Amino acid sequence: PAANALHYKVALLLRYQLSRRYTVVDLSACQMSSAGDLTRSLWRLLNLLMQPGIVLPVLAVMVAAPWVVRPRRWKRRISLAGVMLLLLYSLGLSPLGILLGGEGLARLIPRDSGQPADAIVVLGRGGDFRPSRVQVAAELWQQRRAPLIFASGRSDAIEIGQMLEAAGVPAAAIDGEPCSATTNENALFTAALLQPGVRRLILVTDPPHMARSLLTFRSLGFEVIPHPSPVPHNLNTRKRQFLVLREWAGLIGYGVMGRYFARPTVEPGFKVRA
């Protein structure tokens, strides 16, 4: 269907080995999806809201403006709302707020059960996050927790695969897709490529991102074992603030959109070339 094609504009090259389906994605056929565009716009808006020089004057006007107009019953309520938003905003951007927000996200993650799985799925997050993800995934593979490592994410999957091979993981044990632009697409494309053969997976991503990712993958029928990779130590304060606020916004937003409820793996309409 055309609606499905809009969300899954991915071209695949399929090969078969020992009766299992492995995939190699044709990067040149990846196209920007409308979901990816919307997500990028929302993150730009969030980044704008993290600019105190823009937000604080607006909140100050919200607090003060009702008191310079003619008496109205609602002016106290508006002013009080402005004060509350000002306090919440200041707390949210403070070191204490970021620490509490990060701890809250980490507490939502179940412990790794130690069970073997059908695949290790590594989600992309940009260059700063790749080394720790690759190290964790390679260690899990060396421990024989799963026979396959699957990297998912635009601008990350190919690089992660190359780094895994450099770390000693054989090419035959590495697969992935470099087309997904959102966490939802990570899950949808991974399900389309790996199911029904892969049901239990070990999910590798950073702690703030893990809760949203786990719930999204679980909604598509995967049994998910979370195994967080550490946030890079060289990440500056502003990036850490954005990371935590982004994940709280994403966690709530995905819930509102119903992405944590069980849903089928819909035939995506991939263009497949033998």
# chains A, B, ... in the order shown; residues from 1 in each chain; ligands from 1
>>> residues_around(residues="region 220-234 of chain A", least_positions_apart="6", cutoff="9 Å", atoms="only C-alpha atoms", output="PyMOL selection string")
chain A and resi 109-115+117+128-129+131-137+187-188+191+195+198-211+214+240+260-265
>>> select_by_dssp(residues="region 120-256 of chain A", states="strand (DSSP E)", output="list in words")
Ile120, Val121, Val122, Leu123, Ile149, Phe150, Ala151, Ser152, Ile174, Asp175, Gly176, Glu177, Arg200, Leu201, Ile202, Leu203, Val204, Glu223, Val224, Ile225 and Pro226 of chain A
>>> select_by_dssp(residues="region 97-251 of chain A", states="helix (DSSP H, G or I)", output="ChimeraX atom specification")
/A:97-106,127-142,157-166,171-173,183-194,207-219,237-251
>>> atom_distance(atom1="CA of Ala166 (chain A)", atom2="CA of Arg130 (chain A)")
13.0 Å
>>> closest_residue(among="A:Ile120, A:Ala106, A:Leu100, A:Leu245", to="Leu148 (chain A)", atoms="only C-alpha atoms")
A:Ile120
>>> closest_residue(among="A:Gly102, A:Gly153, A:Gly161, A:Gly176", to="Arg246 (chain A)", atoms="only C-alpha atoms")
A:Gly102
>>> atom_distance(atom1="CA of Arg125 (chain A)", atom2="CA of Ala249 (chain A)")
16.6 Å
>>> residues_around(residues="Glu165 (chain A)", least_positions_apart="3", cutoff="12 Å", atoms="only C-alpha atoms", output="PyMOL selection string")
chain A and resi 134-135+137-138+141+149+158-162+168-175
>>> write_last_selection(atoms="C-alpha atoms", output="PDB file, in the first residue's frame")
ATOM      1  CA  VAL A 134      30.837  -1.339  19.402  1.00  0.00           C
ATOM      2  CA  GLN A 135      32.808  -2.402  22.473  1.00  0.00           C
ATOM      3  CA  ALA A 137      28.323  -5.469  21.216  1.00  0.00           C
ATOM      4  CA  ALA A 138      31.672  -7.111  20.468  1.00  0.00           C
ATOM      5  CA  TRP A 141      29.267 -11.588  20.744  1.00  0.00           C
ATOM      6  CA  ILE A 149      25.063  -8.391  15.434  1.00  0.00           C
ATOM      7  CA  ILE A 158      27.804   1.014   8.080  1.00  0.00           C
ATOM      8  CA  GLU A 159      30.374   2.634  10.363  1.00  0.00           C
ATOM      9  CA  ILE A 160      29.371   0.418  13.285  1.00  0.00           C
ATOM     10  CA  GLY A 161      29.723  -2.654  11.062  1.00  0.00           C
ATOM     11  CA  GLN A 162      33.204  -1.593  10.002  1.00  0.00           C
ATOM     12  CA  GLY A 168      37.493  -8.966  15.522  1.00  0.00           C
ATOM     13  CA  VAL A 169      33.856  -9.823  14.775  1.00  0.00           C
ATOM     14  CA  PRO A 170      33.693 -11.737  11.458  1.00  0.00           C
ATOM     15  CA  ALA A 171      31.812 -10.096   8.602  1.00  0.00           C
ATOM     16  CA  ALA A 172      29.454 -13.086   8.389  1.00  0.00           C
ATOM     17  CA  ALA A 173      28.171 -12.225  11.885  1.00  0.00           C
ATOM     18  CA  ILE A 174      27.453  -8.561  11.066  1.00  0.00           C
ATOM     19  CA  ASP A 175      24.382  -7.160   9.342  1.00  0.00           C
TER      20      ASP A 175
END
